[in-house]
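*Asks:* Hey, dropping final-v2.tsv in here, TSV, C-alpha atoms:
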```tsv
chain	number	residue	atom	x	y	z
U	16	MET	CA	0.00	0.00	0.00
U	17	SER	CA	1.35	3.42	-0.96
U	18	SER	CA	-0.44	5.55	1.62
U	19	ARG	CA	2.83	6.48	3.36
U	20	ASN	CA	4.27	8.14	0.28
U	21	PRO	CA	4.57	11.91	1.00
U	22	LEU	CA	3.05	12.85	-2.36
U	23	THR	CA	0.13	10.49	-1.71
U	24	MET	CA	-0.45	12.13	1.68
U	25	VAL	CA	-0.44	15.61	0.09
U	26	LEU	CA	-2.91	14.56	-2.63
U	27	VAL	CA	-5.19	12.84	-0.09
U	28	GLY	CA	-5.02	16.03	1.99
U	29	LEU	CA	-6.13	18.10	-1.00
U	30	VAL	CA	-9.08	15.79	-1.66
U	31	ARG	CA	-10.02	15.87	2.04
U	32	ALA	CA	-9.89	19.69	1.95
U	33	TYR	CA	-12.25	19.60	-1.04
U	34	GLN	CA	-14.57	17.26	0.89
U	35	LEU	CA	-14.63	19.53	3.92
U	36	VAL	CA	-14.70	22.97	2.26
U	37	VAL	CA	-16.12	22.82	-1.27
U	38	SER	CA	-18.35	19.73	-1.34
U	39	PRO	CA	-20.79	20.89	1.39
U	40	TRP	CA	-21.72	23.91	-0.76
U	41	PHE	CA	-23.08	21.67	-3.52
U	42	GLY	CA	-24.60	18.77	-1.60
U	43	PRO	CA	-24.60	15.15	-2.72
U	44	ARG	CA	-24.59	15.16	-6.53
U	45	CYS	CA	-22.37	12.23	-7.45
U	46	LYS	CA	-24.05	9.61	-9.65
U	47	TYR	CA	-21.46	6.99	-8.68
U	48	TYR	CA	-20.93	5.04	-5.47
U	49	PRO	CA	-18.57	5.65	-3.79
U	50	SER	CA	-18.45	9.37	-4.49
U	51	CYS	CA	-15.70	10.64	-6.78
U	52	SER	CA	-13.75	12.13	-3.89
U	53	ALA	CA	-13.96	8.94	-1.81
U	54	TYR	CA	-12.91	6.99	-4.92
U	55	ALA	CA	-9.93	9.33	-5.37
U	56	ILE	CA	-8.75	8.83	-1.77
U	57	THR	CA	-9.01	5.05	-2.06
U	58	ALA	CA	-7.27	5.03	-5.44
U	59	LEU	CA	-4.42	7.15	-4.09
U	60	ARG	CA	-3.99	4.97	-1.02
U	61	VAL	CA	-4.14	1.68	-2.94
U	62	HIS	CA	-2.25	2.57	-6.12
U	63	GLY	CA	0.01	5.45	-5.11
U	64	PRO	CA	0.19	8.99	-6.45
U	65	VAL	CA	0.71	8.34	-10.18
U	66	ARG	CA	-1.76	5.54	-10.96
U	67	GLY	CA	-4.14	6.68	-8.20
U	68	LEU	CA	-4.32	10.19	-9.62
U	69	GLY	CA	-4.85	8.74	-13.10
U	70	LEU	CA	-7.72	6.56	-11.87
U	71	ALA	CA	-9.27	9.51	-10.02
U	72	VAL	CA	-9.06	11.80	-13.06
U	73	TRP	CA	-10.54	9.08	-15.29
U	74	ARG	CA	-13.41	8.65	-12.83
U	75	VAL	CA	-14.18	12.38	-12.82
U	76	LEU	CA	-14.10	12.43	-16.63
U	77	ARG	CA	-16.60	9.55	-16.72
U	78	CYS	CA	-18.98	11.52	-14.47
U	79	ASN	CA	-20.79	13.41	-17.21
U	80	PRO	CA	-24.39	13.95	-18.34
U	81	TRP	CA	-24.26	10.88	-20.65
U	82	SER	CA	-23.09	8.52	-17.90
U	83	ASP	CA	-25.52	6.24	-16.07
U	84	GLY	CA	-23.35	6.14	-12.93
U	85	GLY	CA	-23.68	3.21	-10.55
U	86	VAL	CA	-21.36	1.26	-8.29
U	87	ASP	CA	-17.72	1.65	-9.31
U	88	HIS	CA	-15.03	0.50	-6.90
U	89	VAL	CA	-11.29	1.07	-7.23
U	90	PRO	CA	-9.68	-1.89	-9.00
U	91	PRO	CA	-7.27	-3.94	-6.86
U	92	ARG	CA	-3.52	-3.69	-7.29
U	93	ALA	CA	-2.11	-6.04	-9.91
U	94	GLY	CA	-0.85	-9.27	-8.44
U	95	LYS	CA	-3.14	-9.25	-5.41
U	96	ASP	CA	-4.94	-12.46	-4.52
U	97	GLU	CA	-8.40	-12.31	-6.05
U	98	GLY	CA	-9.77	-14.89	-3.59
U	99	ALA	CA	-10.79	-12.25	-1.07
U	100	ARG	CA	-12.96	-10.47	-3.62
U	101	THR	CA	-14.79	-13.60	-4.68
U	102	LEU	CA	-15.54	-14.76	-1.12
U	103	GLY	CA	-13.82	-18.11	-1.47
U	104	VAL	CA	-15.25	-19.06	-4.86
U	105	GLU	CA	-12.68	-19.86	-7.54
U	106	SER	CA	-13.07	-18.75	-11.16
U	107	SER	CA	-14.40	-22.24	-12.05
U	108	GLY	CA	-17.30	-21.70	-9.66
U	109	ALA	CA	-16.05	-24.27	-7.14
U	110	ARG	CA	-15.64	-23.28	-3.52
U	111	ALA	CA	-12.03	-22.78	-2.52
U	112	GLY	CA	-10.74	-25.80	-0.62
U	113	ALA	CA	-13.72	-27.99	-1.59
U	114	PRO	CA	-12.98	-31.45	-3.00
U	115	GLN	CA	-13.18	-31.60	-6.79
U	116	ASP	CA	-14.92	-34.35	-8.78
U	117	SER	CA	-12.56	-36.07	-11.18
```
Rewrite the structure of this file - the entire thing - as C-alpha cells.

*Replies:*
Amino acid sequence: MSSRNPLTMVLVGLVRAYQLVVSPWFGPRCKYYPSCSAYAITALRVHGPVRGLGLAVWRVLRCNPWSDGGVDHVPPRAGKDEGARTLGVESSGARAGAPQDS
C-alpha cells in the first residue's frame, strides 16, 4: 500500500480539503458510489500517487451527463490475490478448498 508516500499524503489532503470545504456547498450530486472524492482517496492509497491520480481523473471524466453512474469500486492492485474479492469461490465456480470431482 502506498499511503505512506509523502506525495500520496499531500494529494489525499487536497481531496479531504475539497470534501470539507467545497463539497458541502453543492450537496450530494455524485451519480457513482462511492463518491468521486472517496474513490480518489481510495485510489491514491491503494495505487500510489501516479496511478491513483490517473484513476481519479478518469473517474471524474466519466462523471458526465451521458453517464448512467452506478457502483464503481477502485480496481485492486495487480498481483493481489483475487480470492478475497470472490468470497472463497474460484473462477471455475467451485468453492475454494472444496474437493473436486474427477

*Asks:* Between CA of Asp87 (chain U) and CA of Tyr48 (chain U), what is the distance, to one decimal in Å?

*Replies:*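 Separation between CA of Asp87 (chain U) and CA of Tyr48 (chain U): 6.0 Å.
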
*Asks:* Under the rule that all atoms listed in the file are counted, which of U:Leu22, U:Val86, U:Leu68, U:Leu76 is the nearest residue to Ile56 (chain U)?

*Replies:* U:Leu68

*Asks:* Take CA of Val89 (chain U) and CA of Val27 (chain U) and report the distance between them in Å, one decimal.

*Replies:*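 Computing it gives 15.1 Å between the two atoms.
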
*Asks:* Identify which of the residues U:Lys46, U:Leu29, U:Met24, U:Leu59 lies closest to Arg77 (chain U), counting all atoms listed in the file when measuring atom-to-atom distances.

*Replies:*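 When distances to Arg77 (chain U) are compared using all atoms listed in the file, the smallest one comes from U:Lys46.
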
*Asks:* Can you measure CA of Gly28 (chain U) to CA of Cys45 (chain U) for me? One decimal in Å is fine.

*Replies:*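 Taking CA of Gly28 (chain U) as the start and CA of Cys45 (chain U) as the end point, the length is 20.1 Å.
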
*Asks:* Which residue, U:Cys51, U:Val36, U:Val75, U:Val61, has the smallest gap to Ala93 (chain U) when you use all atoms listed in the file?

*Replies:*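 Under the stated criterion, the closest residue is U:Val61.
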
*Asks:* Between U:Ala55, U:His88, U:Arg44, U:Pro80, which residue has the minimum interatomic distance to Val30 (chain U), considering all atoms listed in the file?

*Replies:*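 That would be U:Ala55, the residue with the smallest distance to Val30 (chain U).
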
*Asks:* Of the residues U:Gly63, U:Pro49, U:Tyr33, U:Gly42, which is the one nearest to Arg19 (chain U), using only C-alpha atoms?

*Replies:* U:Gly63

*Asks:* Please provide as a PyMOL selection string all residues within 12 Å of Val65 (chain U), with the sequence filter that same-chain residues fewer than 4 positions apart are discarded (counting all atoms listed in the file).

*Replies:* chain U and resi 17+20+22-23+26+55+58-61+69-72
